[in-house]
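What follows is the content of my_file.cif, which has mmCIF, C-alpha atoms:
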data_model
loop_
_atom_site.label_atom_id
_atom_site.label_comp_id
_atom_site.auth_asym_id
_atom_site.auth_seq_id
_atom_site.Cartn_x
_atom_site.Cartn_y
_atom_site.Cartn_z
CA MET A 1 17.73 11.94 20.02
CA LYS A 2 17.19 10.98 16.39
CA THR A 3 14.14 9.04 15.28
CA ARG A 4 13.00 7.39 12.07
CA ALA A 5 9.32 7.86 11.45
CA VAL A 6 6.65 7.61 8.80
CA ARG A 7 5.15 11.07 8.53
CA MET A 8 2.11 12.39 6.69
CA TYR A 9 2.47 15.65 4.76
CA GLY A 10 -0.91 15.54 3.03
CA MET A 11 -3.33 13.33 1.15
CA ASP A 12 -1.57 10.12 0.03
CA ASP A 13 1.77 11.67 1.04
CA LEU A 14 3.67 9.45 3.48
CA ARG A 15 7.45 9.63 3.92
CA LEU A 16 9.88 7.58 6.00
CA GLU A 17 12.37 10.13 7.34
CA GLU A 18 15.04 10.54 10.00
CA PHE A 19 14.99 13.71 12.09
CA ASP A 20 15.83 15.05 15.55
CA LEU A 21 13.39 14.93 18.43
CA PRO A 22 13.49 17.88 20.84
CA GLU A 23 14.62 17.33 24.42
CA ILE A 24 11.67 16.17 26.49
CA LYS A 25 10.03 18.59 28.94
CA ASP A 26 9.51 17.85 32.63
CA ASP A 27 5.96 16.67 31.92
CA GLU A 28 6.80 14.42 28.94
CA ILE A 29 8.13 10.89 28.45
CA LEU A 30 10.48 9.55 25.76
CA VAL A 31 9.70 6.04 24.53
CA LYS A 32 11.24 3.49 22.18
CA VAL A 33 8.56 2.02 19.92
CA ILE A 34 8.91 -1.70 19.20
CA SER A 35 5.69 -2.75 17.47
CA ASP A 36 2.95 -0.91 15.60
CA SER A 37 0.03 -2.54 13.80
CA ILE A 38 -1.72 -0.75 10.95
CA CYS A 39 -5.34 0.29 11.37
CA MET A 40 -7.84 0.93 8.57
CA SER A 41 -8.50 4.25 10.31
CA THR A 42 -4.99 5.35 9.34
CA TYR A 43 -5.73 4.51 5.71
CA LYS A 44 -8.85 6.70 5.95
CA LEU A 45 -6.71 9.49 7.44
CA VAL A 46 -4.19 9.31 4.61
CA LYS A 47 -6.92 9.32 1.96
CA GLN A 48 -8.37 12.52 3.46
CA GLY A 49 -5.23 14.40 4.50
CA LYS A 50 -6.09 17.83 5.90
CA LYS A 51 -9.79 17.11 5.44
CA HIS A 52 -9.69 14.53 8.23
CA LYS A 53 -11.22 15.89 11.43
CA ARG A 54 -8.18 14.93 13.52
CA ALA A 55 -5.49 16.21 11.15
CA PRO A 56 -3.86 19.62 11.73
CA GLN A 57 -4.06 22.12 8.90
CA ASN A 58 -0.28 22.70 8.84
CA ILE A 59 0.81 19.12 8.10
CA ASP A 60 2.48 20.21 4.86
CA THR A 61 5.07 22.09 6.97
CA ASN A 62 4.68 20.27 10.29
CA PRO A 63 3.96 16.65 9.36
CA ILE A 64 2.48 14.23 11.88
CA ILE A 65 3.72 10.74 12.76
CA ILE A 66 1.13 8.12 11.79
CA GLY A 67 0.26 4.96 13.72
CA HIS A 68 -1.70 4.54 16.94
CA GLU A 69 -1.58 0.81 17.75
CA PHE A 70 1.87 0.68 19.31
CA ALA A 71 3.88 -0.57 22.24
CA GLY A 72 7.47 -0.42 23.41
CA ASP A 73 9.80 0.62 26.22
CA ILE A 74 10.04 3.78 28.28
CA VAL A 75 13.44 5.41 27.80
CA LYS A 76 13.39 8.69 29.74
CA VAL A 77 10.84 10.14 32.17
CA GLY A 78 10.23 13.82 32.89
CA SER A 79 10.40 14.82 36.56
CA LYS A 80 6.61 15.26 36.86
CA TRP A 81 6.03 11.57 36.19
CA ALA A 82 9.16 10.06 37.79
CA HIS A 83 7.11 8.74 40.73
CA GLN A 84 4.87 6.75 38.38
CA PHE A 85 7.03 5.58 35.45
CA LYS A 86 10.59 4.30 35.19
CA PRO A 87 13.00 3.78 32.27
CA GLY A 88 12.87 0.19 31.04
CA GLN A 89 9.16 -0.33 31.66
CA LYS A 90 7.12 -1.82 28.83
CA PHE A 91 4.11 0.26 27.90
CA ALA A 92 0.77 0.00 26.15
CA LEU A 93 -1.20 3.04 25.05
CA GLN A 94 -4.83 4.10 24.80
CA PRO A 95 -4.89 6.59 21.87
CA ALA A 96 -8.52 7.73 22.34
CA LEU A 97 -7.60 10.75 24.46
CA ASN A 98 -10.57 13.14 24.13
CA TYR A 99 -8.57 15.67 26.16
CA LYS A 100 -10.67 18.70 27.14
CA GLY A 101 -12.87 18.27 24.09
CA SER A 102 -9.96 18.10 21.65
CA LEU A 103 -9.93 15.56 18.82
CA ALA A 104 -6.12 15.39 18.92
CA SER A 105 -4.88 11.80 18.96
CA PRO A 106 -1.55 10.01 18.44
CA GLY A 107 -1.11 8.87 14.86
CA TYR A 108 -3.36 11.65 13.60
CA SER A 109 -2.43 14.95 15.18
CA TYR A 110 1.04 15.08 16.76
CA GLU A 111 4.37 16.05 15.27
CA TYR A 112 6.42 13.95 17.70
CA PHE A 113 3.90 11.37 18.94
CA GLY A 114 2.80 8.34 16.93
CA GLY A 115 3.52 4.65 16.48
CA ALA A 116 5.26 4.38 13.11
CA CYS A 117 8.66 5.40 14.43
CA THR A 118 11.69 4.27 16.36
CA TYR A 119 11.32 6.84 19.17
CA CYS A 120 8.65 9.37 20.06
CA ILE A 121 7.66 11.78 22.83
CA ILE A 122 4.50 11.20 24.84
CA PRO A 123 2.89 14.52 25.89
CA GLN A 124 1.62 15.23 29.39
CA GLU A 125 -2.09 14.91 28.58
CA VAL A 126 -1.64 11.18 27.95
CA MET A 127 -0.34 10.57 31.46
CA GLU A 128 -2.85 12.99 32.96
CA LEU A 129 -5.68 10.96 31.43
CA GLY A 130 -4.18 7.64 32.56
CA CYS A 131 -3.75 6.52 28.93
CA LEU A 132 -0.12 5.38 29.29
CA LEU A 133 -0.26 1.92 30.81
CA ASN A 134 2.36 -0.35 32.27
CA TYR A 135 2.46 -3.63 30.37
CA ASP A 136 3.80 -6.87 31.87
CA GLY A 137 3.03 -9.26 29.03
CA GLU A 138 5.65 -11.38 27.32
CA SER A 139 5.30 -10.03 23.77
CA TYR A 140 5.09 -6.51 22.40
CA PHE A 141 2.73 -7.34 19.57
CA GLU A 142 -0.07 -8.29 21.97
CA ALA A 143 0.21 -4.85 23.57
CA SER A 144 0.00 -3.24 20.12
CA LEU A 145 -3.11 -5.28 19.42
CA GLY A 146 -4.54 -4.20 22.76
CA GLU A 147 -5.91 -1.08 21.08
CA PRO A 148 -8.00 -2.84 18.41
CA MET A 149 -9.03 -5.43 21.01
CA SER A 150 -10.18 -2.61 23.28
CA CYS A 151 -12.45 -1.39 20.47
CA ILE A 152 -13.98 -4.86 20.25
CA ILE A 153 -14.37 -5.06 24.02
CA GLY A 154 -15.96 -1.62 24.08
CA GLY A 155 -18.53 -2.81 21.55
CA TYR A 156 -19.43 -5.82 23.70
CA HIS A 157 -19.77 -3.63 26.80
CA ALA A 158 -21.86 -0.98 25.01
CA ASN A 159 -24.61 -3.34 23.84
CA TYR A 160 -27.58 -3.34 26.17
CA HIS A 161 -30.91 -4.99 26.90
CA THR A 162 -34.05 -3.75 28.61
CA ASN A 163 -37.04 -5.03 30.53
CA LYS A 164 -40.63 -3.92 30.85
CA GLN A 165 -40.68 -3.87 34.65
CA ASN A 166 -38.38 -0.97 35.47
CA TYR A 167 -36.82 0.09 32.14
CA HIS A 168 -33.30 -0.43 33.46
CA HIS A 169 -30.66 -1.07 30.82
CA GLU A 170 -28.68 -4.25 31.37
CA MET A 171 -25.31 -3.45 29.83
CA GLY A 172 -23.41 -5.95 27.73
CA VAL A 173 -24.38 -8.75 25.39
CA LYS A 174 -27.10 -11.11 26.59
CA ALA A 175 -25.80 -14.05 28.63
CA GLY A 176 -26.84 -17.35 27.10
CA GLY A 177 -28.21 -15.59 24.03
CA ASN A 178 -27.74 -15.79 20.30
CA LEU A 179 -24.94 -13.55 19.02
CA LEU A 180 -24.29 -12.77 15.34
CA ILE A 181 -21.09 -11.25 13.93
CA MET A 182 -21.70 -10.17 10.33
CA GLY A 183 -18.61 -9.97 8.13
CA GLY A 184 -16.76 -11.56 11.02
CA CYS A 185 -13.89 -13.47 9.39
CA GLY A 186 -11.66 -10.43 9.02
CA PRO A 187 -9.12 -9.42 11.67
CA MET A 188 -11.47 -7.47 13.93
CA GLY A 189 -14.24 -10.05 13.57
CA LEU A 190 -11.92 -12.85 14.64
CA GLY A 191 -10.85 -10.77 17.61
CA ALA A 192 -14.53 -10.43 18.49
CA VAL A 193 -15.00 -14.20 18.25
CA SER A 194 -11.99 -14.78 20.50
CA TYR A 195 -13.35 -12.34 23.09
CA GLY A 196 -16.88 -13.75 22.90
CA LEU A 197 -15.62 -17.15 24.00
CA CYS A 198 -14.08 -15.93 27.25
CA ILE A 199 -16.50 -13.32 28.65
CA GLU A 200 -18.57 -14.04 31.74
CA ASN A 201 -21.89 -13.33 29.97
CA LYS A 202 -20.97 -15.44 26.96
CA PRO A 203 -23.64 -16.38 24.40
CA LYS A 204 -24.86 -19.93 24.01
CA ARG A 205 -24.58 -19.61 20.22
CA LEU A 206 -22.19 -17.45 18.20
CA VAL A 207 -22.80 -17.26 14.44
CA VAL A 208 -20.16 -15.70 12.18
CA THR A 209 -20.90 -14.75 8.57
CA ASP A 210 -18.67 -14.03 5.60
CA ILE A 211 -18.86 -14.33 1.81
CA SER A 212 -15.43 -15.94 1.31
CA ASP A 213 -14.79 -19.65 1.84
CA ASP A 214 -11.07 -18.90 2.10
CA ARG A 215 -11.62 -16.48 5.00
CA ILE A 216 -14.03 -18.89 6.66
CA ASN A 217 -11.53 -21.76 6.34
CA ARG A 218 -8.79 -19.66 7.93
CA ALA A 219 -11.17 -18.63 10.71
CA ARG A 220 -11.88 -22.30 11.41
CA GLU A 221 -8.16 -23.01 11.58
CA VAL A 222 -7.45 -20.34 14.19
CA ILE A 223 -10.72 -20.57 16.20
CA SER A 224 -12.36 -23.92 15.63
CA GLU A 225 -15.87 -25.01 16.52
CA GLU A 226 -14.30 -27.59 18.86
CA THR A 227 -12.37 -24.89 20.71
CA ALA A 228 -15.55 -22.87 21.17
CA ALA A 229 -17.44 -25.93 22.42
CA LYS A 230 -14.89 -26.33 25.21
CA SER A 231 -15.90 -22.84 26.33
CA GLY A 232 -19.56 -23.81 26.25
CA VAL A 233 -20.38 -21.88 23.07
CA GLU A 234 -21.83 -23.28 19.86
CA LEU A 235 -19.78 -21.59 17.13
CA ILE A 236 -21.16 -21.61 13.58
CA TYR A 237 -19.42 -20.19 10.50
CA VAL A 238 -21.64 -19.57 7.46
CA ASN A 239 -21.15 -18.24 3.95
CA THR A 240 -24.23 -16.10 3.28
CA GLN A 241 -23.36 -15.82 -0.41
CA THR A 242 -24.20 -19.49 -0.89
CA MET A 243 -27.55 -19.20 0.89
CA GLU A 244 -30.76 -19.00 -1.12
CA ASN A 245 -32.50 -17.01 1.62
CA PRO A 246 -29.89 -15.72 4.14
CA VAL A 247 -32.38 -14.12 6.53
CA LYS A 248 -34.54 -17.24 6.76
CA GLU A 249 -31.56 -19.59 7.06
CA LEU A 250 -29.73 -17.48 9.65
CA ARG A 251 -32.88 -17.18 11.73
CA ALA A 252 -33.37 -20.95 11.49
CA LEU A 253 -30.01 -21.42 13.24
CA THR A 254 -31.63 -19.89 16.33
CA ASN A 255 -34.79 -22.02 16.08
CA ASP A 256 -36.50 -18.86 14.77
CA HIS A 257 -35.79 -16.96 18.01
CA GLY A 258 -33.64 -14.35 16.23
CA TYR A 259 -30.43 -12.80 17.49
CA ASP A 260 -30.19 -11.06 20.84
CA ASP A 261 -27.00 -9.29 19.78
CA VAL A 262 -25.84 -8.45 16.26
CA PHE A 263 -22.49 -6.87 15.38
CA VAL A 264 -22.11 -5.45 11.87
CA TYR A 265 -18.41 -5.54 10.99
CA VAL A 266 -18.61 -4.37 7.36
CA PRO A 267 -20.02 -1.00 6.22
CA ILE A 268 -22.42 -2.40 3.64
CA ARG A 269 -26.03 -1.23 3.58
CA GLN A 270 -27.51 -4.63 2.74
CA VAL A 271 -25.60 -6.25 5.60
CA ALA A 272 -26.82 -3.66 8.12
CA GLU A 273 -30.40 -4.07 6.93
CA MET A 274 -30.12 -7.85 7.15
CA GLY A 275 -28.79 -7.56 10.70
CA ASP A 276 -31.73 -5.36 11.67
CA SER A 277 -34.19 -7.89 10.24
CA LEU A 278 -32.60 -10.72 12.27
CA LEU A 279 -32.99 -9.13 15.71
CA ALA A 280 -34.95 -10.97 18.37
CA PHE A 281 -37.29 -9.27 20.83
CA ASP A 282 -35.21 -6.67 22.71
CA GLY A 283 -32.34 -7.41 20.33
CA CYS A 284 -29.46 -4.96 20.09
CA MET A 285 -27.57 -4.30 16.86
CA ASN A 286 -24.16 -2.63 17.06
CA PHE A 287 -23.04 -0.96 13.83
CA PHE A 288 -19.32 -1.42 14.48
CA ALA A 289 -17.96 -0.88 10.96
CA GLY A 290 -16.71 2.63 10.18
CA PRO A 291 -17.87 3.88 6.76
CA THR A 292 -15.79 6.38 4.79
CA ASN A 293 -18.93 7.99 3.37
CA ASN A 294 -20.32 10.48 5.89
CA GLN A 295 -23.74 10.13 4.26
CA PHE A 296 -23.87 6.33 4.70
CA LYS A 297 -27.46 5.26 5.42
CA ALA A 298 -29.54 2.10 5.73
CA GLU A 299 -33.21 1.40 6.39
CA ILE A 300 -34.32 0.06 9.76
CA ASN A 301 -37.64 -1.43 10.75
CA LEU A 302 -39.25 1.12 13.07
CA TYR A 303 -42.26 -1.15 13.53
CA ASN A 304 -39.95 -3.58 15.31
CA VAL A 305 -38.35 -0.75 17.27
CA HIS A 306 -41.81 0.18 18.57
CA TYR A 307 -43.37 -3.22 19.13
CA THR A 308 -40.50 -5.64 19.76
CA SER A 309 -38.04 -3.25 21.47
CA THR A 310 -35.23 -3.70 18.96
CA HIS A 311 -32.53 -1.06 19.21
CA ILE A 312 -29.45 0.04 17.29
CA ILE A 313 -26.24 1.55 18.57
CA GLY A 314 -22.79 2.21 17.15
CA THR A 315 -19.39 2.15 18.82
CA THR A 316 -15.96 3.33 17.77
CA GLY A 317 -12.83 2.91 19.83
CA GLY A 318 -12.64 1.76 23.41
CA ASN A 319 -11.82 3.42 26.71
CA THR A 320 -8.89 2.91 29.04
CA ASP A 321 -10.72 0.27 31.08
CA ASP A 322 -11.30 -1.68 27.86
CA LEU A 323 -7.58 -1.53 27.06
CA VAL A 324 -6.66 -2.65 30.57
CA GLU A 325 -9.01 -5.60 30.12
CA ALA A 326 -7.56 -6.39 26.68
CA ILE A 327 -3.94 -6.53 27.76
CA ASP A 328 -4.83 -8.41 30.96
CA LEU A 329 -6.72 -11.09 29.03
CA ALA A 330 -3.93 -11.34 26.46
CA SER A 331 -1.21 -11.66 29.10
CA LYS A 332 -3.24 -14.46 30.74
CA LYS A 333 -3.69 -16.15 27.31
CA LEU A 334 -7.48 -15.98 27.67
CA ILE A 335 -7.83 -14.23 24.31
CA GLU A 336 -5.65 -14.62 21.21
CA PRO A 337 -5.05 -11.25 19.54
CA ALA A 338 -2.75 -13.09 17.13
CA VAL A 339 -5.81 -14.36 15.24
CA MET A 340 -5.95 -10.87 13.70
CA VAL A 341 -2.43 -10.89 12.24
CA THR A 342 -1.59 -12.18 8.76
CA HIS A 343 1.45 -10.08 7.72
CA ILE A 344 4.72 -9.04 9.38
CA GLY A 345 6.99 -6.21 8.27
CA GLY A 346 9.53 -3.60 9.33
CA ILE A 347 9.38 0.18 9.51
CA ASP A 348 10.29 0.52 5.84
CA SER A 349 7.11 -1.30 4.77
CA ILE A 350 4.63 0.83 6.73
CA ALA A 351 4.08 3.67 4.24
CA GLU A 352 3.36 1.47 1.23
CA ALA A 353 1.26 -0.98 3.25
CA THR A 354 -0.85 1.86 4.64
CA LEU A 355 -1.44 3.41 1.22
CA LYS A 356 -2.44 0.05 -0.27
CA LEU A 357 -4.18 -1.41 2.77
CA PRO A 358 -7.52 -2.35 1.13
CA GLU A 359 -5.67 -4.05 -1.73
CA ILE A 360 -3.59 -6.33 0.50
CA PRO A 361 -5.50 -9.50 1.39
CA GLY A 362 -5.66 -10.98 4.84
CA GLY A 363 -5.90 -9.41 8.26
CA LYS A 364 -3.76 -7.13 10.41
CA LYS A 365 -0.41 -5.92 9.15
CA LEU A 366 1.97 -5.93 12.13
CA ASN A 367 5.17 -3.92 11.87
CA TYR A 368 8.29 -3.83 14.00
CA THR A 369 9.79 -0.36 13.86
CA GLN A 370 13.38 -0.98 14.97
CA PHE A 371 14.45 -2.63 11.69
CA ASN A 372 13.69 -2.90 7.98
CA MET A 373 11.82 -5.93 6.68
CA PRO A 374 9.53 -6.42 3.66
CA LEU A 375 5.86 -6.86 4.51
CA THR A 376 5.46 -10.63 4.34
CA ALA A 377 2.43 -12.88 4.71
CA ILE A 378 2.81 -15.49 7.45
CA GLU A 379 1.55 -18.12 5.00
CA ASP A 380 4.55 -17.35 2.76
CA PHE A 381 7.15 -18.02 5.47
CA GLU A 382 7.46 -21.71 4.60
CA GLU A 383 8.24 -21.15 0.92
CA LEU A 384 10.64 -18.27 1.66
CA GLY A 385 12.28 -20.43 4.32
CA LYS A 386 13.57 -22.84 1.69
CA ASN A 387 16.23 -20.27 0.81
CA ASP A 388 16.28 -18.01 3.87
CA PRO A 389 17.13 -19.34 7.36
CA LEU A 390 15.25 -16.50 9.09
CA TYR A 391 11.97 -17.28 7.37
CA ASN A 392 12.51 -20.97 8.02
CA LYS A 393 12.78 -20.29 11.76
CA LEU A 394 9.72 -18.04 11.65
CA SER A 395 7.76 -20.67 9.73
CA GLN A 396 8.60 -23.37 12.24
CA ALA A 397 7.67 -21.12 15.17
CA CYS A 398 4.29 -20.26 13.63
CA LYS A 399 3.57 -23.91 12.86
CA ARG A 400 4.01 -24.62 16.55
CA HIS A 401 1.26 -22.06 17.26
CA LYS A 402 -1.57 -23.02 14.88
CA GLY A 403 -0.01 -20.96 12.10
CA LEU A 404 -0.36 -17.78 14.18
CA TRP A 405 2.17 -15.08 14.98
CA ASN A 406 3.52 -15.58 18.50
CA SER A 407 6.03 -14.46 21.12
CA GLU A 408 8.54 -17.12 20.05
CA ALA A 409 8.56 -15.77 16.49
CA GLU A 410 8.82 -12.21 17.79
CA LYS A 411 11.93 -13.13 19.78
CA ILE A 412 13.46 -14.79 16.69
CA LEU A 413 13.08 -11.47 14.85
CA PHE A 414 14.60 -9.52 17.74
CA GLU A 415 17.59 -11.84 17.93
CA HIS A 416 18.13 -11.70 14.17
CA PHE A 417 17.98 -7.90 13.99
CA GLY A 418 19.73 -7.22 17.28
CA VAL A 419 16.80 -5.53 19.02
#
Rewrite the coordinates I just gave you, this time as structure tokens.
Amino acid sequence: MKTRAVRMYGMDDLRLEEFDLPEIKDDEILVKVISDSICMSTYKLVKQGKKHKRAPQNIDTNPIIIGHEFAGDIVKVGSKWAHQFKPGQKFALQPALNYKGSLASPGYSYEYFGGACTYCIIPQEVMELGCLLNYDGESYFEASLGEPMSCIIGGYHANYHTNKQNYHHEMGVKAGGNLLIMGGCGPMGLGAVSYGLCIENKPKRLVVTDISDDRINRAREVISEETAAKSGVELIYVNTQTMENPVKELRALTNDHGYDDVFVYVPIRQVAEMGDSLLAFDGCMNFFAGPTNNQFKAEINLYNVHYTSTHIIGTTGGNTDDLVEAIDLASKKLIEPAVMVTHIGGIDSIAEATLKLPEIPGGKKLNYTQFNMPLTAIEDFEELGKNDPLYNKLSQACKRHKGLWNSEAEKILFEHFGV
């Protein structure tokens, strides 16, 4: 079986190549990858090469396939797993394996297992850990986005609150509380807003900050204040850059109560310190953003930790239960992972997009690996459609879905490219 894959040979060295996959073993599964979204974590991997904690030291001779937010179809099942999986099944994947203490993970560590490819081989540890999941949703891209959504969901579940009676930790964000998402108009932040509107212990007020009016305007288009109100949540978008005193003005939005839950979605010291200063009594701040600097630090108010029971945690990734929840909510249309996506491309655009990820504006870059297609912003479909029938169809499909990527548009691509 031949595959095309984007492989990493070292720091800033990505190559799209065709090569032969070995025959699968009895405890392995061959899959056809359909969609793979690009994660900032992959950019960090490529910038570090062998120095990355998950990268093997022999990648210059045994390159790894990048990409870990992927979905597709099962093609061939080894005899060990034939009772559980069948050819033709759609799959979603939880890449956070943590197998027997190993840091090995798809998209970082495996020669034949990653998302930026046409076909790959899933090793036995994935099935052993229950990380290969059957997916019954309509579209592949929502399964790909299940992984980043599971990270968001994991963050919500990991927050906790306490009481002075028995010291028990009440897990999750505070029901009916004030929730703040700092730097929340990017792709992950919008996913967090979407999830916050559908959870059982939803906040009464959800405040989202950013420093770009353009990002805030797009956020309003895809998740409006009116939509949130229908879910019983007061949604407020604010540009902190235009505020004379952000801490005072953000606190005023809560009638000076403060925020019961704060999520920091950008790795900026001043933002983290502001979040700490905005916590209410027993408030929980989740430092969700992953810094590239392993010496990243910020000051916290230990007086408040002692006297007002504020606490700080950090989460990265999600577990398999979080992924199951993500794809279930997406398949039921209770969350909209599409709010994350701003660009669509083919397998030939993955390497360049990954290397230049911080320079490309917008949110998630979603790639379909079974064909070539330039990375294209959804907002450019209309103009390109004046001369290209494909982009015209895609533009019309997105307009019918609030300007968002959708299953109808995905099917148009598949029909056009014969997938």
**Message:** Quick check on the file I pasted: which residues fall under the PyMOL selection byres ((chain A and resi 100) around 12)? Write them as number ranges by chain.
**Reply:** A: 97-99, 101-104, 125-126, 128-129
**Distance criterion (all atoms listed in the file): nearest to A:Ala338 out of A:Leu323, A:Val271, A:Ile313, A:Leu404** = A:Leu404
**the PyMOL selection byres ((chain A and resi 300) around 12) resolved against shown file, as a PyMOL selection string** = chain A and resi 269-279+285+297-299+301-306+310-312
**Test item: residues at most 9 Å from stretch 51-58 of chain A, only C-alpha atoms, excluding those fewer than 5 positions along its chain, as a list of chain:residue names** = A:Tyr9, A:Met11, A:Lys44, A:Leu45, A:Val46, A:Pro63, A:Ile64, A:Ser102, A:Leu103, A:Ala104, A:Ser105, A:Tyr108, A:Ser109, A:Tyr110
**Message:** Using only C-alpha atoms, which protein or nucleic acid residues come within 10 Å of stretch 409-416 of chain A? Drop anything in the same chain fewer than 3 positions from it, and give the result as a list of chain:residue names.
**Reply:**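 What passes the distance filter is A:Ile34, A:Ser35, A:Glu138, A:Ser139, A:Tyr140, A:Phe141, A:Ile344, A:Tyr368, A:Gln370, A:Phe371, A:Met373, A:Leu390, A:Tyr391, A:Lys393, A:Leu394, A:Ser395, A:Gln396, A:Ala397, A:Cys398, A:Arg400, A:His401, A:Leu404, A:Trp405, A:Asn406, A:Val419.
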**Request:** In the coordinate frame of the file, compute which residues have an atom within 8 Å of (-1.1, -3.0, 18.1) when using all atoms listed in the file, and state them as a PyMOL selection string.
**Result:** chain A and resi 35-38+68-71+141-148+366
Who sits within 6 Å of A:Val33, all atoms listed in the file, same chain under 2 positions skipped, as a PDB file with C-alpha atoms, in the coordinates of the input:
ATOM      1  CA  ALA A  71       3.880  -0.570  22.240  1.00  0.00           C
ATOM      2  CA  GLY A  72       7.470  -0.420  23.410  1.00  0.00           C
ATOM      3  CA  THR A 118      11.690   4.270  16.360  1.00  0.00           C
ATOM      4  CA  TYR A 119      11.320   6.840  19.170  1.00  0.00           C
TER       5      TYR A 119
END
**Message:** Would you compute the distance between atom CA of A:Lys86 and atom CA of A:Glu28? Give it in Å to one decimal.
**Reply:**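 These atoms are spaced 12.5 Å apart.
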